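Have a look at coords-v1.txt below; it lists compact mmCIF, C-alpha atoms.
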```
# COMPACT_ATOMS: atom_id res chain seq x y z
CA MET A 186 2.83 -2.59 -22.24
CA ALA A 187 0.41 -4.33 -19.91
CA LYS A 188 -2.53 -2.38 -18.59
CA GLU A 189 -2.34 -1.54 -14.88
CA PRO A 190 -4.87 -3.12 -12.52
CA ALA A 191 -7.81 -0.93 -11.54
CA TRP A 192 -6.73 -0.68 -7.88
CA LEU A 193 -3.32 0.72 -8.87
CA ILE A 194 -5.02 3.29 -11.10
CA ALA A 195 -7.16 4.23 -8.07
CA ALA A 196 -4.01 4.50 -5.95
CA ARG A 197 -2.19 6.71 -8.47
CA ALA A 198 -5.19 9.06 -8.50
CA LYS A 199 -4.59 9.70 -4.79
CA LEU A 200 -0.90 10.65 -5.09
CA GLY A 201 -0.23 13.79 -3.07
CA THR A 202 -3.11 13.29 -0.59
CA ARG A 203 -1.73 14.56 2.76
CA GLU A 204 -2.46 14.36 6.44
CA ALA A 205 -3.61 17.63 7.96
CA ALA A 206 -1.00 19.44 10.05
CA GLY A 207 -1.25 19.43 13.84
CA PRO A 208 -4.44 18.29 15.56
CA ALA A 209 -6.60 18.77 12.45
CA ASN A 210 -7.58 15.80 10.25
CA SER A 211 -7.61 15.47 6.49
CA PRO A 212 -11.25 15.32 5.38
CA THR A 213 -10.18 13.06 2.50
CA ILE A 214 -8.47 10.46 4.72
CA MET A 215 -11.25 10.63 7.30
CA GLY A 216 -13.77 10.18 4.45
CA TRP A 217 -12.02 6.97 3.41
CA ALA A 218 -12.31 5.68 6.98
CA LYS A 219 -15.97 6.65 7.22
CA ARG A 220 -16.84 4.90 3.95
CA LEU A 221 -15.09 1.67 4.94
CA GLY A 222 -16.30 1.73 8.55
CA THR A 223 -15.26 -0.23 11.62
CA LYS A 224 -16.34 -3.58 10.17
CA VAL A 225 -13.69 -3.38 7.43
CA LEU A 226 -11.05 -1.45 9.35
CA GLY A 227 -11.37 -3.44 12.58
CA MET A 228 -11.39 -0.31 14.73
CA VAL A 229 -12.89 3.13 15.08
CA TYR A 230 -10.58 5.32 13.02
CA ASN A 231 -10.75 8.85 14.37
CA ALA A 232 -7.56 10.73 13.44
CA ASP A 233 -5.17 10.83 10.49
CA SER A 234 -2.30 10.73 13.00
CA VAL A 235 -3.12 7.00 13.37
CA PRO A 236 -1.10 5.03 10.78
CA TRP A 237 -3.21 4.89 7.63
CA CYS A 238 -1.25 2.85 5.07
CA GLY A 239 -3.70 -0.07 5.48
CA LEU A 240 -6.63 2.34 5.19
CA PHE A 241 -5.19 3.62 1.90
CA VAL A 242 -4.74 0.12 0.42
CA ALA A 243 -8.22 -0.92 1.62
CA THR A 244 -9.76 2.18 0.04
CA CYS A 245 -8.13 1.49 -3.33
CA MET A 246 -9.27 -2.15 -3.28
CA ASP A 247 -12.78 -1.33 -2.11
CA GLU A 248 -13.22 1.31 -4.82
CA VAL A 249 -12.82 -1.39 -7.48
CA GLY A 250 -14.96 -4.03 -5.75
CA ILE A 251 -12.23 -6.12 -4.12
CA ALA A 252 -12.73 -7.06 -0.47
CA PRO A 253 -9.92 -5.69 1.73
CA ALA A 254 -8.00 -7.72 4.29
CA PRO A 255 -9.71 -8.38 7.62
CA ILE A 256 -8.75 -5.63 10.08
CA ALA A 257 -7.56 -3.72 7.02
CA VAL A 258 -6.12 -0.79 8.99
CA ARG A 259 -3.34 -3.10 10.27
CA ALA A 260 -0.58 -3.35 7.69
CA LYS A 261 0.38 -6.88 8.67
CA SER A 262 -3.21 -8.09 8.12
CA TRP A 263 -2.43 -7.81 4.42
CA ALA A 264 0.36 -10.44 4.75
CA THR A 265 -2.19 -13.28 4.52
CA TRP A 266 -4.75 -11.57 2.26
CA GLY A 267 -5.21 -12.74 -1.32
CA GLN A 268 -2.71 -15.10 -2.88
CA ASN A 269 1.04 -15.26 -2.44
CA LEU A 270 3.27 -13.97 -5.24
CA ALA A 271 6.88 -15.03 -5.67
CA ALA A 272 9.36 -12.16 -5.86
CA ASP A 273 10.12 -13.01 -9.50
CA ARG A 274 6.38 -12.84 -10.41
CA LEU A 275 5.68 -9.35 -9.09
CA ALA A 276 3.70 -6.96 -11.23
CA PRO A 277 2.57 -3.36 -10.73
CA GLY A 278 -0.21 -3.29 -8.15
CA ALA A 279 1.04 -6.24 -6.09
CA VAL A 280 0.49 -5.63 -2.38
CA LEU A 281 3.78 -5.52 -0.48
CA VAL A 282 3.96 -5.83 3.32
CA PHE A 283 7.03 -4.63 5.20
CA GLU A 284 8.44 -4.76 8.72
CA ARG A 285 9.14 -1.40 10.32
CA PRO A 286 9.98 -0.22 13.85
CA GLY A 287 6.79 -0.52 15.88
CA GLY A 288 4.77 -2.49 13.32
CA GLY A 289 4.35 -2.93 9.61
CA HIS A 290 3.73 -1.05 6.41
CA VAL A 291 1.70 -1.93 3.31
CA GLY A 292 1.67 -0.42 -0.16
CA PHE A 293 1.61 -1.23 -3.85
CA TYR A 294 4.50 -2.46 -5.98
CA ALA A 295 5.46 0.08 -8.65
CA GLY A 296 8.88 -1.31 -9.61
CA GLU A 297 12.25 -2.31 -8.20
CA ASN A 298 15.99 -2.15 -8.49
CA ALA A 299 18.53 -4.65 -7.17
CA THR A 300 18.01 -3.79 -3.48
CA ALA A 301 14.71 -1.93 -3.09
CA TYR A 302 11.07 -1.83 -4.14
CA ARG A 303 9.43 1.34 -5.44
CA VAL A 304 6.26 1.54 -3.35
CA LEU A 305 3.13 3.61 -3.96
CA GLY A 306 1.60 3.90 -0.52
CA GLY A 307 -0.24 5.99 2.00
CA ASN A 308 1.35 7.43 5.13
CA GLN A 309 4.73 7.65 3.44
CA GLY A 310 6.02 11.02 4.61
CA ASP A 311 2.47 11.72 5.89
CA CYS A 312 1.08 11.55 2.35
CA VAL A 313 0.34 9.24 -0.56
CA SER A 314 3.66 9.01 -2.35
CA LEU A 315 6.19 6.85 -4.13
CA THR A 316 9.19 5.82 -2.06
CA TRP A 317 11.99 3.26 -2.06
CA ILE A 318 11.88 0.53 0.63
CA ALA A 319 14.61 -2.10 1.10
CA LYS A 320 13.66 -5.52 -0.24
CA ASN A 321 15.00 -7.20 2.90
CA ARG A 322 12.19 -5.56 4.92
CA CYS A 323 9.48 -7.14 2.73
CA VAL A 324 7.63 -9.95 4.56
CA ALA A 325 4.83 -10.64 2.04
CA ARG A 326 3.97 -10.14 -1.62
CA ARG A 327 0.25 -10.60 -2.38
CA TRP A 328 -2.26 -10.38 -5.23
CA PRO A 329 -6.09 -10.45 -5.09
CA THR A 330 -7.41 -14.02 -5.16
CA GLY A 331 -9.09 -14.93 -8.43
CA ARG A 332 -7.54 -12.05 -10.38
CA ALA A 333 -5.02 -12.72 -13.14
CA VAL A 334 -1.61 -11.17 -12.56
CA ILE A 335 -1.23 -8.36 -15.10
CA GLY A 336 2.32 -7.59 -16.12
CA ALA A 337 5.71 -8.58 -14.80
CA PRO A 338 8.49 -7.20 -12.59
CA VAL A 339 9.48 -3.65 -13.52
CA GLN A 340 13.22 -3.01 -13.33
CA LEU A 341 14.10 0.60 -12.53
CA ALA A 342 17.51 2.25 -12.45
CA ALA A 343 19.01 2.93 -9.05
CA SER A 344 17.78 6.39 -8.19
CA GLY A 345 20.27 7.52 -5.59
CA ALA A 346 17.28 8.52 -3.46
CA PRO A 347 17.52 7.45 0.17
CA LEU A 348 15.58 4.39 1.32
CA SER A 349 12.58 4.96 3.54
CA ARG A 350 13.37 3.85 7.09
CA ASN A 351 10.06 4.34 8.90
CA GLU A 352 6.77 4.95 7.11
CA ALA A 353 4.63 5.87 10.13
```
Output the file's structure as structure tokens, nothing else.
Amino acid sequence: MAKEPAWLIAARAKLGTREAAGPANSPTIMGWAKRLGTKVLGMVYNADSVPWCGLFVATCMDEVGIAPAPIAVRAKSWATWGQNLAADRLAPGAVLVFERPGGGHVGFYAGENATAYRVLGGNQGDCVSLTWIAKNRCVARRWPTGRAVIGAPVQLAASGAPLSRNEA
């Protein structure tokens, strides 16, 4: 079995990280924003109630020395980052960008079935989690420029779990 890319290992280590309830903020998520800063994020990030899927992906990339997308907090900024990957060339750790009501969503490819991608992402149910997102919502499949694609598409059995409809 192919080794997973370092950024996906970093992402898996964050599974279960949650937003704080109510007006409080998660010190972990706010720490990610502080480390990356406004230059990378493209804005002052001051509350975990602000969509943070792009912040999560940027944190995982930055931790392994890969420059995040410009204005990394915006999910759709990742649609032009790195190099394009064809759907039949996906491998664990590929960056997937999706349309959603009110904006976009970004996360990491962890597998697929006939109609959906298994996505490891932040701000999925207000936490870092694995969820299923319909393939027809995917607008970009990306990989870090200059890095060899490790692995191949991962076919998973249909889970019967509902598809995510809105990741904010």
Distance cut-off 7 Å, centre (-1.7, 3.4, 3.6) in file coordinates, counting only C-alpha atoms: which residues qualify? Return them as a ChimeraX atom specification. /A:237-242,291-292,306-308
Separation of CA of Ala209 (chain A) from CA of Leu221 (chain A), in Å and rounded to one decimal: 20.5 Å
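Checking A:Ala333, A:Ala252, A:Ile214, A:Ala196 one by one against Arg274 (chain A), counting only C-alpha atoms, you find the shortest gap at A:Ala333.
Nearest to Thr213 (chain A) of all the residues A:Ala299, A:Ala272, A:Leu193, A:Cys312 is A:Cys312, counting all atoms listed in the file.
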Do you have the CA of Trp266 (chain A)-CA of Leu200 (chain A) distance handy?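 Interatomic distance, CA of Trp266 (chain A) to CA of Leu200 (chain A): 23.7 Å.
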Please indicate the distance in Å from CA of Lys320 (chain A) to CA of Met246 (chain A), rounded to one decimal place.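 Interatomic distance, CA of Lys320 (chain A) to CA of Met246 (chain A): 23.4 Å.
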Taking (-13.7, -2.5, 8.2) in the file's own coordinates, collect the residues within 9 Å, counting all atoms listed in the file, and hand them back as a PyMOL selection string. chain A and resi 218+221-229+243+253-258
All residues 12 Å or closer to Phe293 (chain A), only C-alpha atoms, same chain fewer than 3 positions away omitted, as a ChimeraX atom specification: /A:189-190,192-197,238-239,241-243,245-246,260,263,275-283,290,296-297,302-307,309,313-318,323,325-328
Give me the residues near Pro286 (chain A) as a PyMOL selection string, where near means some atom within 10 Å (using all atoms listed in the file) and where sequence neighbours in that chain fewer than 3 positions away do not count. chain A and resi 289-290+350-353
Among the residues A:Gly250, A:Ala301, A:Gln268, A:Val324, the one that comes closest to Arg285 (chain A) [using all atoms listed in the file]: A:Val324
Nearest to Ala191 (chain A) among A:Pro329, A:Gly267, A:Gly287, A:Pro347, with distances taken over all atoms listed in the file: which residue is it? A:Pro329
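Nearest residue to Asn321 (chain A) among A:Glu284, A:Gly336, A:Arg220, A:Gly207 is A:Glu284, counting all atoms listed in the file.
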Distance query Asn231 (chain A) at most 10 Å, only C-alpha atoms, self and fewer than 6 positions along chain excluded, as a PyMOL selection string: chain A and resi 210+215+218-219
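Considering the residues A:Ala232, A:Ile335, A:Leu348, A:Ala271 and counting all atoms listed in the file, Thr300 (chain A) has its shortest atom-to-atom contact with A:Leu348.
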Generate N, CA, C and O atoms for region 283-309 of chain A and emit them as a compact mmCIF listing (two decimals), in the coordinates of the input.
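Here's the written file selection-v9.txt:
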```
# COMPACT_ATOMS: atom_id res chain seq x y z
N PHE A 283 5.68 -4.83 4.67
CA PHE A 283 7.03 -4.63 5.20
C PHE A 283 7.03 -4.59 6.72
O PHE A 283 6.05 -4.19 7.34
N GLU A 284 8.17 -4.98 7.29
CA GLU A 284 8.44 -4.76 8.72
C GLU A 284 8.92 -3.32 8.86
O GLU A 284 9.59 -2.79 7.97
N ARG A 285 8.60 -2.71 9.99
CA ARG A 285 9.14 -1.40 10.32
C ARG A 285 9.18 -1.29 11.84
O ARG A 285 8.46 -2.03 12.53
N PRO A 286 9.97 -0.39 12.39
CA PRO A 286 9.98 -0.22 13.85
C PRO A 286 8.57 0.07 14.36
O PRO A 286 7.90 0.96 13.84
N GLY A 287 8.11 -0.73 15.28
CA GLY A 287 6.79 -0.52 15.88
C GLY A 287 5.63 -1.13 15.11
O GLY A 287 4.48 -0.93 15.47
N GLY A 288 5.89 -1.88 14.04
CA GLY A 288 4.77 -2.49 13.32
C GLY A 288 5.10 -2.87 11.91
O GLY A 288 6.17 -3.40 11.62
N GLY A 289 4.18 -2.56 11.01
CA GLY A 289 4.35 -2.93 9.61
C GLY A 289 3.99 -1.77 8.71
O GLY A 289 3.61 -0.69 9.16
N HIS A 290 4.12 -2.02 7.43
CA HIS A 290 3.73 -1.05 6.41
C HIS A 290 3.22 -1.82 5.21
O HIS A 290 3.73 -2.91 4.92
N VAL A 291 2.24 -1.29 4.50
CA VAL A 291 1.70 -1.93 3.31
C VAL A 291 1.54 -0.89 2.21
O VAL A 291 1.21 0.27 2.48
N GLY A 292 1.83 -1.30 0.99
CA GLY A 292 1.67 -0.42 -0.16
C GLY A 292 1.69 -1.25 -1.43
O GLY A 292 1.71 -2.49 -1.38
N PHE A 293 1.68 -0.57 -2.55
CA PHE A 293 1.61 -1.23 -3.85
C PHE A 293 2.96 -1.21 -4.56
O PHE A 293 3.63 -0.19 -4.60
N TYR A 294 3.29 -2.33 -5.18
CA TYR A 294 4.50 -2.46 -5.98
C TYR A 294 4.39 -1.60 -7.23
O TYR A 294 3.41 -1.69 -7.97
N ALA A 295 5.42 -0.76 -7.45
CA ALA A 295 5.46 0.08 -8.65
C ALA A 295 6.73 -0.17 -9.46
O ALA A 295 6.88 0.38 -10.54
N GLY A 296 7.63 -1.00 -8.92
CA GLY A 296 8.88 -1.31 -9.61
C GLY A 296 9.94 -1.69 -8.60
O GLY A 296 9.68 -1.78 -7.40
N GLU A 297 11.17 -1.90 -9.09
CA GLU A 297 12.25 -2.31 -8.20
C GLU A 297 13.60 -2.05 -8.85
O GLU A 297 13.70 -1.85 -10.05
N ASN A 298 14.62 -2.06 -8.01
CA ASN A 298 15.99 -2.15 -8.49
C ASN A 298 16.61 -3.33 -7.75
O ASN A 298 15.88 -4.14 -7.17
N ALA A 299 17.91 -3.46 -7.75
CA ALA A 299 18.53 -4.65 -7.17
C ALA A 299 18.27 -4.80 -5.67
O ALA A 299 18.17 -5.92 -5.16
N THR A 300 18.10 -3.71 -4.94
CA THR A 300 18.01 -3.79 -3.48
C THR A 300 16.73 -3.25 -2.87
O THR A 300 16.50 -3.42 -1.68
N ALA A 301 15.89 -2.58 -3.67
CA ALA A 301 14.71 -1.93 -3.09
C ALA A 301 13.51 -2.01 -4.03
O ALA A 301 13.65 -2.16 -5.24
N TYR A 302 12.33 -1.92 -3.40
CA TYR A 302 11.07 -1.83 -4.14
C TYR A 302 10.65 -0.37 -4.19
O TYR A 302 10.81 0.38 -3.23
N ARG A 303 10.08 0.04 -5.31
CA ARG A 303 9.43 1.34 -5.44
C ARG A 303 7.98 1.11 -5.02
O ARG A 303 7.27 0.29 -5.63
N VAL A 304 7.55 1.80 -3.98
CA VAL A 304 6.26 1.54 -3.35
C VAL A 304 5.37 2.78 -3.44
O VAL A 304 5.77 3.87 -3.02
N LEU A 305 4.16 2.58 -3.97
CA LEU A 305 3.13 3.61 -3.96
C LEU A 305 2.28 3.31 -2.74
O LEU A 305 1.64 2.25 -2.68
N GLY A 306 2.32 4.19 -1.76
CA GLY A 306 1.60 3.90 -0.52
C GLY A 306 1.13 5.14 0.19
O GLY A 306 1.56 6.26 -0.12
N GLY A 307 0.25 4.93 1.14
CA GLY A 307 -0.24 5.99 2.00
C GLY A 307 0.60 6.06 3.26
O GLY A 307 1.24 5.08 3.65
N ASN A 308 0.60 7.21 3.89
CA ASN A 308 1.35 7.43 5.13
C ASN A 308 2.85 7.26 4.91
O ASN A 308 3.56 6.79 5.78
N GLN A 309 3.31 7.62 3.75
CA GLN A 309 4.73 7.65 3.44
C GLN A 309 5.11 9.13 3.42
O GLN A 309 4.73 9.84 2.49
```
